[in-house]
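Some notes on the structure that comes next.
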2 protein chains.
Amino acid sequence: MLSLDQIKDITHESPSKIVLLVIDGLGGLPRPDTGKTELETAHTPHLDLLASKGICGLTDPVSPGITPGSAPGHLALFGYDPIRFLVGRGILEALGIDFELKKGDVATRGNFCTVDKKGLVIDRRAGRISTEQNAELCKKLSKITLEGAELFVVPVKEHRFLLVFRGEGLSGDASDSDPQQIGVAPLNVAALAAKGKKTAKLANDFVTKAKWVLVDSHPANMVLLRGFSQHPDLPTMNEIFKLNPAAIASYPMYRGLAKLVGMKILETGSSVEEEFDTLAKYYAEHDFFFIHVKKTDSTGEDGDFDAKVKALEEIDRLFPKIIALNPDVLIVTGDHSTPALLKGHSWHPVPIILYSKWSRADHVKEFSEPACSSGYLGRFNACHVMPLAMANALKLTKFGA
Amino acid sequence: MLSLDQIKDITHESPSKIVLLVIDGLGGLPRPDTGKTELETAHTPHLDLLASKGICGLTDPVSPGITPGSAPGHLALFGYDPIRFLVGRGILEALGIDFELKKGDVATRGNFCTVDKKGLVIDRRAGRISTEQNAELCKKLSKITLEGAELFVVPVKEHRFLLVFRGEGLSGDASDSDPQQIGVAPLNVAALAAKGKKTAKLANDFVTKAKWVLVDSHPANMVLLRGFSQHPDLPTMNEIFKLNPAAIASYPMYRGLAKLVGMKILETGSSVEEEFDTLAKYYAEHDFFFIHVKKTDSTGEDGDFDAKVKALEEIDRLFPKIIALNPDVLIVTGDHSTPALLKGHSWHPVPIILYSKWSRADHVKEFSEPACSSGYLGRFNACHVMPLAMANALKLTKFGA
């Protein structure tokens with residue numbers, strides 16, 4: 001695989017447009033009674049037509065067998081090797097709630113938890129307290145003051161919150177306080193490198209003070225911290241691909257991931273139809289669009305096979321809105337598989353269609369896992385999606401003399 | 001992928017023979033009226049028979065989406081990762097005209113160009129002057145003397161020439177003087193590393209003197225230099241594969257690339273028939289033969305679909321000359337695709353047939369892009385071609401205990 005610097009050397013601007021539709025958790029597993037996956041079950045005439053006109057394949061977002069989180073799954077599709085470019089859990093939590101990070105901030109994921117009289121963790125999620133109660137407690141924790149850094153405590157959902165330190169000399173090189181088991185005390189946060197010392201001290205001070213603030217808030221009478229991290233500071237898609245990229249995503253996490261690589265975030269509604277209309281509205285202003293559809297993943301995580309099928313059919317029904325724009329390169333794929341049978345992300349490779357005037361159609365006539373497995377694209381790492389998109393948009397020059 | 005050192009550890013000599021036929025620019029795109037590529041259109045019964053006896057696949061010379069230059073395309077087929085082993089433009093220019101490089105030489109590509117009275121470039125190719133005029137001007141430029149290095153100025157074609165510095169302490173770490181645009185002055189050559197200082201000084205002195213030599217030669221009244229580079233000094237195929245390899249190529253560039261990896265260059269004529277006869281003539285003397293056919297690429301670059309089809313049919317007609325030798329391993333592939341529709345190199349993967357007694361034939365019965373896409377070899381990086389060839393020639397031992 002070429003390095004981003006090598007790719008940068010062969011990219012050039014041009015008026016052609018690339019549309020990347022990411023159907024979150026696209027890939028699935030066959031339901032035993034029908035032998036068909038969600039995608040095989042769904043009636044998707046428009047996607048099937050695109051499959052027959054373009055080239056198909058299966059991608060591995062990270063590598064065979066590896067189940068990707070949302071960050072690696074998307075970074076790979078954006079052209080960034082997710083094995084090299086890591087996004088910490090704290091940063092991802094911040095992206096997920098649209099928290100405006102500043103350079104140098106350290107973010108960490110917090111859990112409210114329950115400790116017994118000896119201080120041993122007896123419930124790592126504090127009985128999944130309500131989001132409302134979480135917000136109240138975060139308001140209290142926000143009043144804590146620390147020497148040498150500002151502090152933000154922001155509720156996320158149920159027992160989860162975001163903690164951000166802002167100040168000079170911080171680093172993500174600090175260990176978790178979350179012991180990841182019950183019956184033991186929360187761990188002391190330790191510096192994992194010299195530059196992590198200040199962060200570790202701030203974290204331990206925060207935990208000590210939080211314990212007193214929460215002393216009467218049983219079951220949420222303690223906090224656990226994990227995933228101290230800083231913004232990964234990635235080169236932008238504009239620097240590498242010379243694109244003017246935009247993102248259309250109704251969920252903050254995916255807007256956050258798009259922001260990480262320098263995409264402009266377009267305002268959109270929460271439905272697929274509104275997302276596709278947003279593409280049409282801004283189509284003249286950018287040459288690369290990332291559109292994210294969430295419902296296929298959340299229905300898969302719920303284990304709701306039929307709802308995932310319906311979500312796929314809804315995308316297909318609205319798909320002519322994208323086709324009407326006639327993008328030079330149109331890619332439809334997912335960031336990972338989320339089989340309803342597994343109720344979660346999985347390692348199964350993800351179907352992909354790439355259509356362009358120059359894509360050299362294969363014999364695949366249907367958008368499904370088995371059909372895509374015999375397409376021209378073969379089975380390949382998702383990091384190659386962007387170079388393929390750029391090539392088909394005629395935005396790449398030769399590599400080497 | 002194993003490193004060359006790791007491969008070296010498992011190779012051994014044996015009497016078996018490998019023939020690698022490289023059909024330059026082999027892959028194509030379907031003509032809209034027939035839906036068939038050049039290779040699908042061509043009547044190639046002998047190649048089809050080989051496809052049905054051997055195993056087929058599609059290769060990516062560099063990686064998916066990347067369009068290779070001639071050097072990366074060939075180095076990959078010779079077993080050298082083209083992302084790691086780079087051949088500079090200057091060196092390739094030298095190889096292209098059979099210039100005898102010495103260790104330590106720095107070569108660069110030169111363009112005659114036109115500058116206006118203010119010294120701004122108004123034509124980067126000096127109106128594509130004739131090759132004859134080019135030769136005369138190179139003769140004049142050859143008389144320039146520089147302190148600390150010998151200098152060679154050799155005409156290539158139209159506005160292009162080769163400039164070589166020979167002396168102590170040279171390096172390719174020098175920036176281009178070619179601004180790659182008009183309306184600006186040629187750039188000063190700068191050292192890109194400390195060891196490039198002498199080269200940069202020589203280059204700038206040369207340009208200053210060349211300007212005076214060319215002052216009355218409008219439109220060729222200035223020069224632009226780019227791609228300062230040194231011989232990449234690759235380990236030879238003999239060192240790595242323990243082969244005694246030979247090259248049959250009618251174009252100097254490909255003889256040059258073969259020389260880079262230590263092949264012996266066999267004298268041959270310019271036709272495909274003469275090339276194939278050369279193989280027969282020297283068949284007893286070597287255990288690896290690289291045969292290069294150029295016409296498929298040049299007709300593709302001309303956008304002449306029918307001529308490319310004819311070139312393929314000519315290869316097929318003469319192919320029994322190779323079959324008659326009954327090589328232990330016979331590989332037919334290309335260094336990249338050159339679809340007539342794109343009039344240039346492209347990123348599309350390249351069909352390949354590998355035949356040996358041990359290749360475990362697949363169901364592919366035809367040599368074409370779609371047929372090869374469903375072969376046993378799948379879609380794979382061209383760097384694996386040599387290990388596959390060596391394995392099928394039973395010249396590799398086990399890797400690891």
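Naming scheme: A, B, ... for chains in displayed order of the structure tokens; residues 1 onward per chain; ligands 1 onward as shown.
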Each residue of chain A with at least one atom at most 9 Å from chain B should appear once, together with its nearest atom pair and the corresponding distance in Å (one decimal); atoms considered: only C-alpha atoms; ordering: chain, then increasing residue number; output as a tab-separated table.
residue	atom	partner	partner_atom	distance
A:Met1	CA	B:Ser63	CA	6.1
A:Leu2	CA	B:Ile83	CA	6.6
A:Ser3	CA	B:Ile83	CA	8.9
A:Gln6	CA	B:Ile83	CA	8.8
A:Ile7	CA	B:Ile66	CA	8.9
A:Trp358	CA	B:Leu29	CA	7.7
A:Ser359	CA	B:His348	CA	8.2
A:Arg360	CA	B:Leu29	CA	6.1
A:Ala361	CA	B:Pro30	CA	8.9
A:Asp362	CA	B:Pro370	CA	6.8
A:His363	CA	B:Pro370	CA	7.9
A:Ser374	CA	B:Ser374	CA	6.9
A:Gly375	CA	B:Ser373	CA	7.6
A:Tyr376	CA	B:Ser373	CA	5.8
A:Leu377	CA	B:Arg379	CA	7.6
A:Gly378	CA	B:Arg379	CA	6.1
A:Arg379	CA	B:Arg379	CA	7.9
A:Phe380	CA	B:Pro64	CA	8.6
A:His384	CA	B:Pro64	CA	5.9
A:Val385	CA	B:Gly65	CA	8.1
A:Met386	CA	B:Gly65	CA	8.2
A:Pro387	CA	B:Gly65	CA	4.9
A:Leu388	CA	B:Gly65	CA	4.0
A:Ala389	CA	B:Gly65	CA	7.5
A:Met390	CA	B:Gly65	CA	7.4
A:Ala391	CA	B:Gly65	CA	5.4
A:Asn392	CA	B:Gly65	CA	7.7
A:Leu396	CA	B:Ile66	CA	7.7
A:Thr397	CA	B:Thr67	CA	7.0
A:Lys398	CA	B:Thr67	CA	4.9
A:Phe399	CA	B:Pro68	CA	5.0
A:Gly400	CA	B:Gly69	CA	5.0
A:Ala401	CA	B:Gly69	CA	5.0
Open item on the list: Taking 2 positions as the minimum chain separation for residues in the same chain, which residues sit within 6 Å of region 126-132 of chain A when counting only C-alpha atoms? Answer as a ChimeraX atom specification.
Closed with: /A:112-114,123-124,134-135,157-159,219-220
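DSSP annotation of region 337-375 of chain B from backbone atoms: helix (DSSP H, G or I) residues are B:Glu369, B:Pro370, B:Ala371, B:Cys372, B:Ser373.
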Open item on the list: Which residues are close to region 95-108 of chain A, i.e. within 7 Å by only C-alpha atoms, leaving aside same-chain residues fewer than 4 positions away? Reply as an MDAnalysis selection string.
Closed with: chainID A and resid 89:91 162:167 170:172 225:230 252:253 256:257
Restricting it to C-alpha atoms, dump the selection as a tab-separated table (two decimals), in the first residue's frame.
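Final output, saved to again.tsv:
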chain	number	residue	atom	x	y	z
A	89	ARG	CA	-11.90	5.99	23.11
A	90	GLY	CA	-12.01	9.36	24.84
A	91	ILE	CA	-11.73	11.22	21.56
A	162	LEU	CA	-17.14	12.45	28.78
A	163	LEU	CA	-14.32	14.01	30.79
A	164	VAL	CA	-12.00	16.49	29.11
A	165	PHE	CA	-8.94	18.19	30.56
A	166	ARG	CA	-7.79	21.37	28.85
A	167	GLY	CA	-4.44	22.92	29.64
A	170	LEU	CA	-1.23	17.18	28.66
A	171	SER	CA	-0.95	13.80	26.95
A	172	GLY	CA	-3.04	10.68	26.47
A	225	LEU	CA	-12.13	6.43	33.61
A	226	ARG	CA	-10.69	4.83	30.51
A	227	GLY	CA	-9.25	5.69	27.11
A	228	PHE	CA	-7.29	8.87	27.85
A	229	SER	CA	-6.50	10.23	24.40
A	230	GLN	CA	-5.74	13.27	22.31
A	252	PRO	CA	-22.67	13.08	15.72
A	253	MET	CA	-20.10	10.25	15.89
A	256	GLY	CA	-16.92	13.74	14.22
A	257	LEU	CA	-15.01	11.09	12.26
I want to know what sits within 8 Å of region 232-241 of chain B, based on only C-alpha atoms, with residues of the same chain fewer than 3 positions away left out; could you give that as a compact mmCIF listing (two decimals) with all heavy atoms, in the first residue's frame?
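To be explicit, this is the file written out as selection25.txt:
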# COMPACT_ATOMS: atom_id res chain seq x y z
N LEU B 4 13.02 -9.71 0.32
CA LEU B 4 13.91 -10.36 -0.63
C LEU B 4 14.92 -11.25 0.10
O LEU B 4 15.28 -12.33 -0.39
CB LEU B 4 14.62 -9.32 -1.51
CG LEU B 4 13.70 -8.55 -2.46
CD1 LEU B 4 14.50 -7.59 -3.34
CD2 LEU B 4 12.87 -9.48 -3.34
N ASP B 5 15.35 -10.82 1.27
CA ASP B 5 16.29 -11.65 2.05
C ASP B 5 15.64 -12.95 2.48
O ASP B 5 16.28 -14.01 2.48
CB ASP B 5 16.77 -10.89 3.30
CG ASP B 5 17.95 -10.00 2.98
OD1 ASP B 5 18.64 -10.29 1.98
OD2 ASP B 5 18.17 -9.02 3.71
N ILE B 7 13.19 -14.42 0.92
CA ILE B 7 13.00 -15.25 -0.28
C ILE B 7 14.32 -15.93 -0.66
O ILE B 7 14.37 -17.12 -0.98
CB ILE B 7 12.45 -14.40 -1.45
CG1 ILE B 7 10.99 -14.03 -1.13
CG2 ILE B 7 12.54 -15.15 -2.78
CD1 ILE B 7 10.30 -13.19 -2.19
N LYS B 8 15.39 -15.12 -0.59
CA LYS B 8 16.73 -15.62 -0.91
C LYS B 8 17.06 -16.88 -0.12
O LYS B 8 17.71 -17.81 -0.64
CB LYS B 8 17.70 -14.49 -0.53
CG LYS B 8 19.11 -14.62 -0.97
CD LYS B 8 19.77 -13.30 -0.63
CE LYS B 8 21.26 -13.36 -0.71
NZ LYS B 8 21.82 -12.00 -0.44
N THR B 11 15.35 -20.09 -1.85
CA THR B 11 15.47 -20.40 -3.28
C THR B 11 16.64 -21.34 -3.52
O THR B 11 17.63 -21.34 -2.78
CB THR B 11 15.70 -19.13 -4.11
OG1 THR B 11 16.83 -18.41 -3.58
CG2 THR B 11 14.48 -18.23 -4.05
N HIS B 12 16.50 -22.17 -4.52
CA HIS B 12 17.65 -22.99 -4.93
C HIS B 12 17.64 -23.20 -6.44
O HIS B 12 16.61 -23.12 -7.10
CB HIS B 12 17.68 -24.32 -4.18
CG HIS B 12 16.46 -25.16 -4.40
ND1 HIS B 12 16.28 -25.94 -5.53
CD2 HIS B 12 15.35 -25.32 -3.66
CE1 HIS B 12 15.10 -26.55 -5.45
NE2 HIS B 12 14.52 -26.19 -4.33
N GLU B 13 18.83 -23.44 -6.95
CA GLU B 13 18.99 -23.71 -8.38
C GLU B 13 18.40 -25.05 -8.76
O GLU B 13 18.40 -26.00 -7.95
CB GLU B 13 20.48 -23.77 -8.69
CG GLU B 13 21.04 -22.53 -9.33
CD GLU B 13 22.44 -22.79 -9.84
OE1 GLU B 13 23.35 -22.71 -8.99
OE2 GLU B 13 22.61 -23.10 -11.04
N PHE B 78 9.20 -8.71 -11.65
CA PHE B 78 10.51 -9.32 -11.39
C PHE B 78 10.66 -9.68 -9.90
O PHE B 78 11.71 -10.17 -9.48
CB PHE B 78 11.65 -8.39 -11.82
CG PHE B 78 11.65 -8.01 -13.28
CD1 PHE B 78 12.29 -6.85 -13.73
CD2 PHE B 78 11.01 -8.80 -14.24
CE1 PHE B 78 12.29 -6.49 -15.07
CE2 PHE B 78 11.00 -8.45 -15.59
CZ PHE B 78 11.64 -7.29 -16.00
N PHE B 85 11.24 -0.10 -4.02
CA PHE B 85 12.35 0.11 -4.94
C PHE B 85 11.94 1.11 -6.02
O PHE B 85 11.21 0.77 -6.95
CB PHE B 85 12.77 -1.21 -5.58
CG PHE B 85 13.30 -2.21 -4.60
CD1 PHE B 85 12.53 -3.27 -4.14
CD2 PHE B 85 14.59 -2.09 -4.10
CE1 PHE B 85 13.02 -4.19 -3.22
CE2 PHE B 85 15.11 -3.00 -3.18
CZ PHE B 85 14.32 -4.05 -2.74
N LEU B 86 12.41 2.33 -5.87
CA LEU B 86 12.00 3.38 -6.80
C LEU B 86 13.08 3.64 -7.83
O LEU B 86 14.27 3.66 -7.51
CB LEU B 86 11.70 4.66 -6.01
CG LEU B 86 10.60 4.49 -4.94
CD1 LEU B 86 10.56 5.70 -4.02
CD2 LEU B 86 9.25 4.25 -5.59
N VAL B 87 12.66 3.80 -9.06
CA VAL B 87 13.60 4.15 -10.13
C VAL B 87 13.27 5.57 -10.56
O VAL B 87 12.15 5.85 -10.97
CB VAL B 87 13.45 3.18 -11.32
CG1 VAL B 87 14.41 3.55 -12.43
CG2 VAL B 87 13.68 1.74 -10.86
N ASN B 244 19.66 -17.75 -13.60
CA ASN B 244 20.56 -17.18 -14.60
C ASN B 244 19.65 -16.56 -15.65
O ASN B 244 19.33 -17.18 -16.66
CB ASN B 244 21.41 -18.33 -15.17
CG ASN B 244 22.28 -17.88 -16.32
OD1 ASN B 244 22.50 -16.69 -16.53
ND2 ASN B 244 22.77 -18.85 -17.10
N PRO B 245 19.18 -15.34 -15.37
CA PRO B 245 18.08 -14.77 -16.14
C PRO B 245 18.51 -14.00 -17.39
O PRO B 245 19.58 -13.39 -17.42
CB PRO B 245 17.44 -13.80 -15.14
CG PRO B 245 18.58 -13.35 -14.28
CD PRO B 245 19.63 -14.43 -14.29
N LEU B 260 18.73 -3.60 -14.73
CA LEU B 260 18.69 -3.14 -13.32
C LEU B 260 18.67 -4.31 -12.34
O LEU B 260 19.15 -4.20 -11.22
CB LEU B 260 17.42 -2.31 -13.05
CG LEU B 260 17.37 -0.85 -13.42
CD1 LEU B 260 16.07 -0.24 -12.90
CD2 LEU B 260 18.56 -0.09 -12.84
N VAL B 261 18.03 -5.43 -12.75
CA VAL B 261 17.94 -6.57 -11.85
C VAL B 261 18.90 -7.69 -12.28
O VAL B 261 18.75 -8.83 -11.85
CB VAL B 261 16.48 -7.10 -11.75
CG1 VAL B 261 15.58 -6.06 -11.09
CG2 VAL B 261 15.94 -7.49 -13.12
N GLY B 262 19.85 -7.31 -13.12
CA GLY B 262 20.94 -8.24 -13.42
C GLY B 262 20.65 -9.27 -14.50
O GLY B 262 21.35 -10.29 -14.59
N MET B 263 19.66 -9.05 -15.35
CA MET B 263 19.44 -10.00 -16.44
C MET B 263 20.47 -9.80 -17.54
O MET B 263 20.93 -8.69 -17.78
CB MET B 263 18.04 -9.80 -17.06
CG MET B 263 16.90 -10.21 -16.16
SD MET B 263 15.33 -10.25 -17.10
CE MET B 263 14.18 -9.80 -15.80
N MET B 390 8.59 -19.44 -9.11
CA MET B 390 9.65 -20.24 -8.49
C MET B 390 9.07 -21.50 -7.84
O MET B 390 9.64 -22.59 -7.94
CB MET B 390 10.38 -19.41 -7.43
CG MET B 390 11.18 -18.24 -7.97
SD MET B 390 12.69 -18.74 -8.84
CE MET B 390 13.65 -19.39 -7.47
Open item on the list: Applying 7 Å and only C-alpha atoms, which residues near Ser16 (chain A) remain after dropping the ones on its own chain fewer than 4 positions away? List them as a PyMOL selection string.
Closed with: chain A and resi 287+328+393
- [ ] Identify, on the basis of only C-alpha atoms, every residue whose closest approach to Ser175 (chain A) does not exceed 7 Å; exclude the query and any residue fewer than 6 positions from it along the same chain; express the result as number ranges by chain.
- [x] A: 189-192
Task: Contact residues around region 307-319 of chain A with only C-alpha atoms at 12 Å, ignoring same-chain residues under 6 positions, as an NGL selection string - done: :A and (21-31 or 36-50 or 271-277 or 279-280 or 291-301 or 325-326 or 330 or 332-334 or 337-341 or 343 or 367-368)
TODO: Check region 270-312 of chain A with DSSP on the backbone and list each residue it calls strand (DSSP E), as a VMD selection string.
DONE: chain A and resid 288 to 293
